[in-house]
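Following: one structure in structure tokens, then a few remarks.
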Amino acid sequence: MTLTSDIKPKVLILNAPDKAPIDSVAKLKEMAEFYSIEQASHDAVAGRIAEAVKEKGPFAAFVVFINWWSRPFPWPMDEALVGPLVETGCKMFSAGGAGYDFVDVKYMTSKGVYYANTPKMPALRTADSTAMMILQALRGSSEREADARAGKWFDPSKPLAKDARCSTLGIVGMGNIGKLVSEHMQHFGMKVIYYNRNRLPLDEEKGAEYVSFEEILVRSDVISLHCPLNENTRHLFNKEALTTLSSAVFARMKDGMIIVNTSRGAVIDENALVEALDSGKVLRAALDVYEFEPQIHPGLIASKHTTLFPHAAVANETFERDQQMEILLNLESFLKTGKPTHVVNDV
Ligand SMILES: O=CC(=O)O
């Protein structure tokens, strides 16, 4: 039976999926009626949503096609933003990104609605960039490049490159990205240990050794962060873990270690990291994400021992297309089965 337009569910979209192949959009247009609003600040989008619900609603789903560098952000995706949709029966929300720290998932779960993310698209891209950043940090590439640009030749009195083959990589968070980083870095000869809330099944460990969080601190020459940002991981790397303050946690961390972060900035207390870089406790840091994006702590910019990326580890020529397609797949699955593909909450 062909659905008539009268009984098609309605979907509200924020921005158009302008990079996805026309076919994948056309297919969905057969299944639902689309209404769009434009990206703006949180309060302005809240107003646009409330107006759309009143004039065109009710909507079955709300999907967002914006990137995290395009501003202003309408975040957080909280009750003030999406309440009118939730209250009129909207059951599915989706936006781009593996991370969903900008979403009030607790609120959504309490209302019995799904939030769906896009975990596949960022995995390999972010893992590739992380591998590059680990190698850069091991080699001290920022210092070397700064010297070369300043017309200074190789100075072996500066800390030399660390050998990947003699180094242990500690991965915190062994999800899609962590697993790929583990495989990449084992190709460069690194010993990989990992900490995760739960141990992975043996066939997924692929040579990585499961250890406690404390062991990550004790044994790692390089720590790479791949955990989500939530109340348990905010400032997981805080003064105690990163500085010489008299903390038992710190006392077990290696001097001159390297920290790499392509997850979320606030997993690290940036003030503590700057202090640790200045004291030499942390030899080098390679960062793609920051506590107060788009600001980067001036101490991180000033340090010669940092490699900095502007939250672009995931970005390449094809990622927007793939991200939009993953959001559309969530929507297609929801329209067909009542459940999106990549649900982050149990409802
Ligand atoms: O930061 C990128 C993502 O969450 O996918």
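Labels for the structure tokens follow display order: chains A, B, ..., residues from 1 in each chain, ligands from 1.
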Could you list, as a PyMOL selection string, all protein and nucleic acid residues with an atom at most 12 Å from ligand 1, counting only C-alpha atoms and all ligand atoms? chain A and resi 66-69+95-103+117-127+129+176-177+226-229+261-265+288-290+293+309-315+319-320+322-323+326
Quick one: residues within 9 Å of Leu14 (chain A), only C-alpha atoms, excluding same-chain residues fewer than 2 positions away - as a ChimeraX atom specification? /A:12,16,35-39,45,62-66
Keeping N, CA and C atoms, export the residues of the selection given above as a PDB file, in the first residue's frame.
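The result, written out as result24.pdb:
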```
ATOM      1  N   LEU A  12      10.769  17.188  11.528  1.00  0.00           N
ATOM      2  CA  LEU A  12      11.341  18.531  11.558  1.00  0.00           C
ATOM      3  C   LEU A  12      12.851  18.405  11.426  1.00  0.00           C
ATOM      4  N   ALA A  16      19.491  21.681   6.085  1.00  0.00           N
ATOM      5  CA  ALA A  16      19.187  20.646   5.087  1.00  0.00           C
ATOM      6  C   ALA A  16      20.362  19.671   4.963  1.00  0.00           C
ATOM      7  N   TYR A  35       9.820  19.381   7.253  1.00  0.00           N
ATOM      8  CA  TYR A  35       9.762  20.832   7.475  1.00  0.00           C
ATOM      9  C   TYR A  35      11.100  21.237   8.034  1.00  0.00           C
ATOM     10  N   SER A  36      11.621  22.363   7.574  1.00  0.00           N
ATOM     11  CA  SER A  36      12.961  22.708   8.069  1.00  0.00           C
ATOM     12  C   SER A  36      12.996  24.055   8.769  1.00  0.00           C
ATOM     13  N   ILE A  37      13.926  24.142   9.732  1.00  0.00           N
ATOM     14  CA  ILE A  37      14.238  25.416  10.368  1.00  0.00           C
ATOM     15  C   ILE A  37      15.745  25.616  10.259  1.00  0.00           C
ATOM     16  N   GLU A  38      16.163  26.851  10.455  1.00  0.00           N
ATOM     17  CA  GLU A  38      17.587  27.166  10.280  1.00  0.00           C
ATOM     18  C   GLU A  38      18.308  27.188  11.616  1.00  0.00           C
ATOM     19  N   GLN A  39      19.578  26.891  11.542  1.00  0.00           N
ATOM     20  CA  GLN A  39      20.465  26.919  12.710  1.00  0.00           C
ATOM     21  C   GLN A  39      20.564  28.340  13.277  1.00  0.00           C
ATOM     22  N   VAL A  45      16.486  28.990  18.316  1.00  0.00           N
ATOM     23  CA  VAL A  45      16.001  27.703  17.779  1.00  0.00           C
ATOM     24  C   VAL A  45      14.833  27.202  18.633  1.00  0.00           C
ATOM     25  N   PHE A  62      12.860  14.642  15.058  1.00  0.00           N
ATOM     26  CA  PHE A  62      13.598  15.894  14.876  1.00  0.00           C
ATOM     27  C   PHE A  62      15.050  15.532  14.600  1.00  0.00           C
ATOM     28  N   VAL A  63      15.560  15.902  13.432  1.00  0.00           N
ATOM     29  CA  VAL A  63      16.944  15.560  13.106  1.00  0.00           C
ATOM     30  C   VAL A  63      17.724  16.814  12.717  1.00  0.00           C
ATOM     31  N   VAL A  64      18.999  16.793  13.073  1.00  0.00           N
ATOM     32  CA  VAL A  64      19.827  17.995  13.016  1.00  0.00           C
ATOM     33  C   VAL A  64      21.021  17.771  12.102  1.00  0.00           C
ATOM     34  N   PHE A  65      21.177  18.643  11.120  1.00  0.00           N
ATOM     35  CA  PHE A  65      22.303  18.508  10.178  1.00  0.00           C
ATOM     36  C   PHE A  65      23.270  19.677  10.326  1.00  0.00           C
ATOM     37  N   ILE A  66      23.875  19.803  11.507  1.00  0.00           N
ATOM     38  CA  ILE A  66      24.889  20.854  11.642  1.00  0.00           C
ATOM     39  C   ILE A  66      26.200  20.228  12.094  1.00  0.00           C
TER      40      ILE A  66
END
```
Closest atom pairs, region 237-297 of chain A residues within 7 Å of region 201-220 of chain A, only C-alpha atoms, as a tab-separated table:
```
residue	atom	partner	partner_atom	distance
A:Arg252	CA	A:Val218	CA	4.9
A:Met253	CA	A:Leu217	CA	4.7
A:Lys254	CA	A:Val218	CA	6.0
```
When you look at Leu273 (chain A) with a cut-off of 9 Å (counting only C-alpha atoms), what residues show up, excluding the ones that are within fewer than 6 positions of it in the same chain? I need them as a list in words. Phe237, Asn238, Lys239, Leu242, Thr243, Val282, Ala285 and Leu300 of chain A
Selection file, N, CA, C and O atoms, as a PDB file, in the first residue's frame:
```pdb
ATOM      1  N   PHE A 237      41.025  13.443  34.280  1.00  0.00           N
ATOM      2  CA  PHE A 237      42.437  13.808  34.424  1.00  0.00           C
ATOM      3  C   PHE A 237      42.486  15.182  35.052  1.00  0.00           C
ATOM      4  O   PHE A 237      42.414  16.204  34.391  1.00  0.00           O
ATOM      5  N   ASN A 238      42.564  15.157  36.383  1.00  0.00           N
ATOM      6  CA  ASN A 238      42.508  16.399  37.137  1.00  0.00           C
ATOM      7  C   ASN A 238      43.855  16.628  37.785  1.00  0.00           C
ATOM      8  O   ASN A 238      44.839  15.968  37.473  1.00  0.00           O
ATOM      9  N   LYS A 239      43.904  17.563  38.700  1.00  0.00           N
ATOM     10  CA  LYS A 239      45.179  17.871  39.349  1.00  0.00           C
ATOM     11  C   LYS A 239      45.822  16.617  39.932  1.00  0.00           C
ATOM     12  O   LYS A 239      47.021  16.422  39.836  1.00  0.00           O
ATOM     13  N   LEU A 242      47.346  14.629  37.166  1.00  0.00           N
ATOM     14  CA  LEU A 242      48.310  15.251  36.261  1.00  0.00           C
ATOM     15  C   LEU A 242      49.435  16.041  36.909  1.00  0.00           C
ATOM     16  O   LEU A 242      50.395  16.371  36.239  1.00  0.00           O
ATOM     17  N   THR A 243      49.327  16.416  38.156  1.00  0.00           N
ATOM     18  CA  THR A 243      50.356  17.301  38.699  1.00  0.00           C
ATOM     19  C   THR A 243      51.092  16.644  39.852  1.00  0.00           C
ATOM     20  O   THR A 243      50.755  15.551  40.294  1.00  0.00           O
ATOM     21  N   VAL A 282      54.146  16.176  32.403  1.00  0.00           N
ATOM     22  CA  VAL A 282      53.707  15.727  31.073  1.00  0.00           C
ATOM     23  C   VAL A 282      54.703  16.305  30.074  1.00  0.00           C
ATOM     24  O   VAL A 282      54.889  17.523  30.010  1.00  0.00           O
ATOM     25  N   ALA A 285      51.720  17.105  24.881  1.00  0.00           N
ATOM     26  CA  ALA A 285      50.292  16.815  24.724  1.00  0.00           C
ATOM     27  C   ALA A 285      49.904  17.086  23.279  1.00  0.00           C
ATOM     28  O   ALA A 285      50.373  18.052  22.676  1.00  0.00           O
ATOM     29  N   LEU A 300      48.215  26.398  26.707  1.00  0.00           N
ATOM     30  CA  LEU A 300      48.423  25.314  25.733  1.00  0.00           C
ATOM     31  C   LEU A 300      48.995  25.887  24.440  1.00  0.00           C
ATOM     32  O   LEU A 300      49.834  25.268  23.787  1.00  0.00           O
TER      33      LEU A 300
END
```
Near His42 (chain A), counting only C-alpha atoms, which residues have an atom at most 8 Å away, once you skip same-chain residues fewer than 4 positions from it, shown as a VMD selection string? chain A and resid 46 73 to 76 81
Writing out the chosen residues with all heavy atoms as a CSV table (one decimal), in the first residue's frame:
```
chain,number,residue,atom,x,y,z
A,46,ALA,N,14.9,27.4,20.0
A,46,ALA,CA,13.8,27.0,20.8
A,46,ALA,C,12.5,27.7,20.3
A,46,ALA,O,11.5,27.0,20.2
A,46,ALA,CB,14.1,27.4,22.3
A,73,PHE,N,25.8,27.5,18.1
A,73,PHE,CA,25.2,26.2,18.4
A,73,PHE,C,23.8,26.4,19.1
A,73,PHE,O,23.7,27.3,19.9
A,73,PHE,CB,26.0,25.4,19.4
A,73,PHE,CG,27.2,24.7,18.9
A,73,PHE,CD1,28.2,24.3,19.7
A,73,PHE,CD2,27.2,24.3,17.5
A,73,PHE,CE1,29.3,23.5,19.2
A,73,PHE,CE2,28.3,23.6,17.0
A,73,PHE,CZ,29.3,23.2,17.9
A,74,PRO,N,22.9,25.5,18.7
A,74,PRO,CA,21.6,25.6,19.5
A,74,PRO,C,21.7,24.8,20.8
A,74,PRO,O,20.7,24.7,21.5
A,74,PRO,CB,20.6,25.0,18.5
A,74,PRO,CG,21.4,24.1,17.6
A,74,PRO,CD,22.8,24.6,17.6
A,75,TRP,N,22.8,24.3,21.1
A,75,TRP,CA,22.9,23.4,22.3
A,75,TRP,C,22.8,24.2,23.6
A,75,TRP,O,23.1,25.3,23.6
A,75,TRP,CB,24.2,22.6,22.3
A,75,TRP,CG,24.5,21.9,21.0
A,75,TRP,CD1,25.7,21.8,20.4
A,75,TRP,CD2,23.6,21.3,20.1
A,75,TRP,NE1,25.6,21.2,19.2
A,75,TRP,CE2,24.3,20.8,19.0
A,75,TRP,CE3,22.2,21.0,20.1
A,75,TRP,CZ2,23.8,20.1,17.9
A,75,TRP,CZ3,21.6,20.4,19.0
A,75,TRP,CH2,22.4,19.9,18.0
A,76,PRO,N,22.4,23.5,24.7
A,76,PRO,CA,22.2,22.1,24.8
A,76,PRO,C,20.8,21.7,24.2
A,76,PRO,O,19.9,22.5,24.2
A,76,PRO,CB,22.2,21.8,26.3
A,76,PRO,CG,21.8,23.1,26.9
A,76,PRO,CD,22.3,24.2,26.0
A,81,LEU,N,14.7,23.4,24.8
A,81,LEU,CA,14.8,23.4,23.3
A,81,LEU,C,13.8,22.5,22.7
A,81,LEU,O,13.0,22.9,21.8
A,81,LEU,CB,16.2,23.0,22.9
A,81,LEU,CG,16.5,23.2,21.4
A,81,LEU,CD1,17.0,24.6,21.2
A,81,LEU,CD2,17.5,22.2,20.9
```
Mind listing the alpha helix (DSSP H) residues of region 59-125 of chain A, per DSSP on the backbone, as a list in words?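 Restricting region 59-125 of chain A to alpha helix (DSSP H) produces Glu79, Ala80, Leu81, Val82, Gly83, Pro84, Leu85, Val86, Glu87, Val105, Lys106, Tyr107, Met108, Thr109, Ser110, Lys120, Met121, Pro122, Ala123, Leu124 and Arg125 of chain A.
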Saved selection, atoms kept: C-alpha atoms, as a short mmCIF file (atom, residue, chain, number, x, y, z; two decimals), in the first residue's frame:
```cif
data_model
loop_
_atom_site.label_atom_id
_atom_site.label_comp_id
_atom_site.auth_asym_id
_atom_site.auth_seq_id
_atom_site.Cartn_x
_atom_site.Cartn_y
_atom_site.Cartn_z
CA GLU A 79 13.86 20.44 27.65
CA ALA A 80 13.87 24.18 26.93
CA LEU A 81 14.81 23.42 23.31
CA VAL A 82 12.88 20.27 22.44
CA GLY A 83 10.16 20.25 25.12
CA PRO A 84 7.37 21.33 22.72
CA LEU A 85 8.32 18.45 20.38
CA VAL A 86 8.49 15.88 23.17
CA GLU A 87 5.19 17.03 24.65
CA VAL A 105 19.71 12.18 27.48
CA LYS A 106 18.30 11.79 31.01
CA TYR A 107 15.41 14.05 30.10
CA MET A 108 14.80 12.17 26.85
CA THR A 109 14.89 8.80 28.58
CA SER A 110 12.48 10.03 31.27
CA LYS A 120 30.34 4.93 12.60
CA MET A 121 31.28 7.97 10.56
CA PRO A 122 33.81 9.44 13.03
CA ALA A 123 35.52 6.19 14.02
CA LEU A 124 38.17 5.61 11.35
CA ARG A 125 38.70 9.30 10.62
#
```
Ser167 (chain A) surroundings by only C-alpha atoms, 8 Å radius, close-in-sequence under 6 positions cut, as a ChimeraX atom specification: /A:190-191,220-222
Dump of C-alpha atoms for the selected residues, as a PDB file, in the first residue's frame:
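Done, and the output landed in result.pdb:
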```
ATOM      1  CA  MET A 190      53.431  -0.039  20.591  1.00  0.00           C
ATOM      2  CA  LYS A 191      52.350  -2.237  23.477  1.00  0.00           C
ATOM      3  CA  SER A 220      51.570   4.214  30.068  1.00  0.00           C
ATOM      4  CA  ASP A 221      54.164   6.257  28.216  1.00  0.00           C
ATOM      5  CA  VAL A 222      51.317   7.694  26.171  1.00  0.00           C
TER       6      VAL A 222
END
```
Members of region 200-309 of chain A assigned strand (DSSP E or B) by DSSP, as a list in words: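 After running DSSP on the backbone, region 200-309 of chain A has strand (DSSP E or B) at Glu209, Tyr210, Val222, Ile223, Ser224, Leu225, Phe237, Met257, Ile258, Ile259, Val260, Asn261, Ile268, Val282, Leu283, Arg284, Ala285, Ala286, Leu287, Thr306, Thr307 and Leu308 of chain A.
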Those residues you just picked out, can you put them in a file as a JSON list (two decimals), in the first residue's frame with C-alpha atoms?
```json
[["chain", "number", "residue", "atom", "x", "y", "z"],
["A", 209, "GLU", "CA", 45.56, -5.89, 27.50],
["A", 210, "TYR", "CA", 42.74, -4.92, 29.86],
["A", 222, "VAL", "CA", 51.32, 7.69, 26.17],
["A", 223, "ILE", "CA", 47.71, 7.98, 27.31],
["A", 224, "SER", "CA", 45.07, 8.47, 24.61],
["A", 225, "LEU", "CA", 41.54, 9.41, 25.63],
["A", 237, "PHE", "CA", 42.44, 13.81, 34.42],
["A", 257, "MET", "CA", 54.46, 10.89, 29.82],
["A", 258, "ILE", "CA", 52.48, 12.07, 26.80],
["A", 259, "ILE", "CA", 48.76, 12.74, 26.70],
["A", 260, "VAL", "CA", 46.60, 12.73, 23.57],
["A", 261, "ASN", "CA", 42.98, 13.79, 23.56],
["A", 268, "ILE", "CA", 40.98, 16.89, 31.23],
["A", 282, "VAL", "CA", 53.71, 15.73, 31.07],
["A", 283, "LEU", "CA", 56.37, 15.90, 28.37],
["A", 284, "ARG", "CA", 53.99, 16.59, 25.50],
["A", 285, "ALA", "CA", 50.29, 16.82, 24.72],
["A", 286, "ALA", "CA", 48.49, 16.44, 21.40],
["A", 287, "LEU", "CA", 44.96, 17.79, 21.56],
["A", 306, "THR", "CA", 51.76, 20.84, 22.44],
["A", 307, "THR", "CA", 50.36, 19.77, 19.08],
["A", 308, "LEU", "CA", 46.98, 21.46, 18.64]]
```
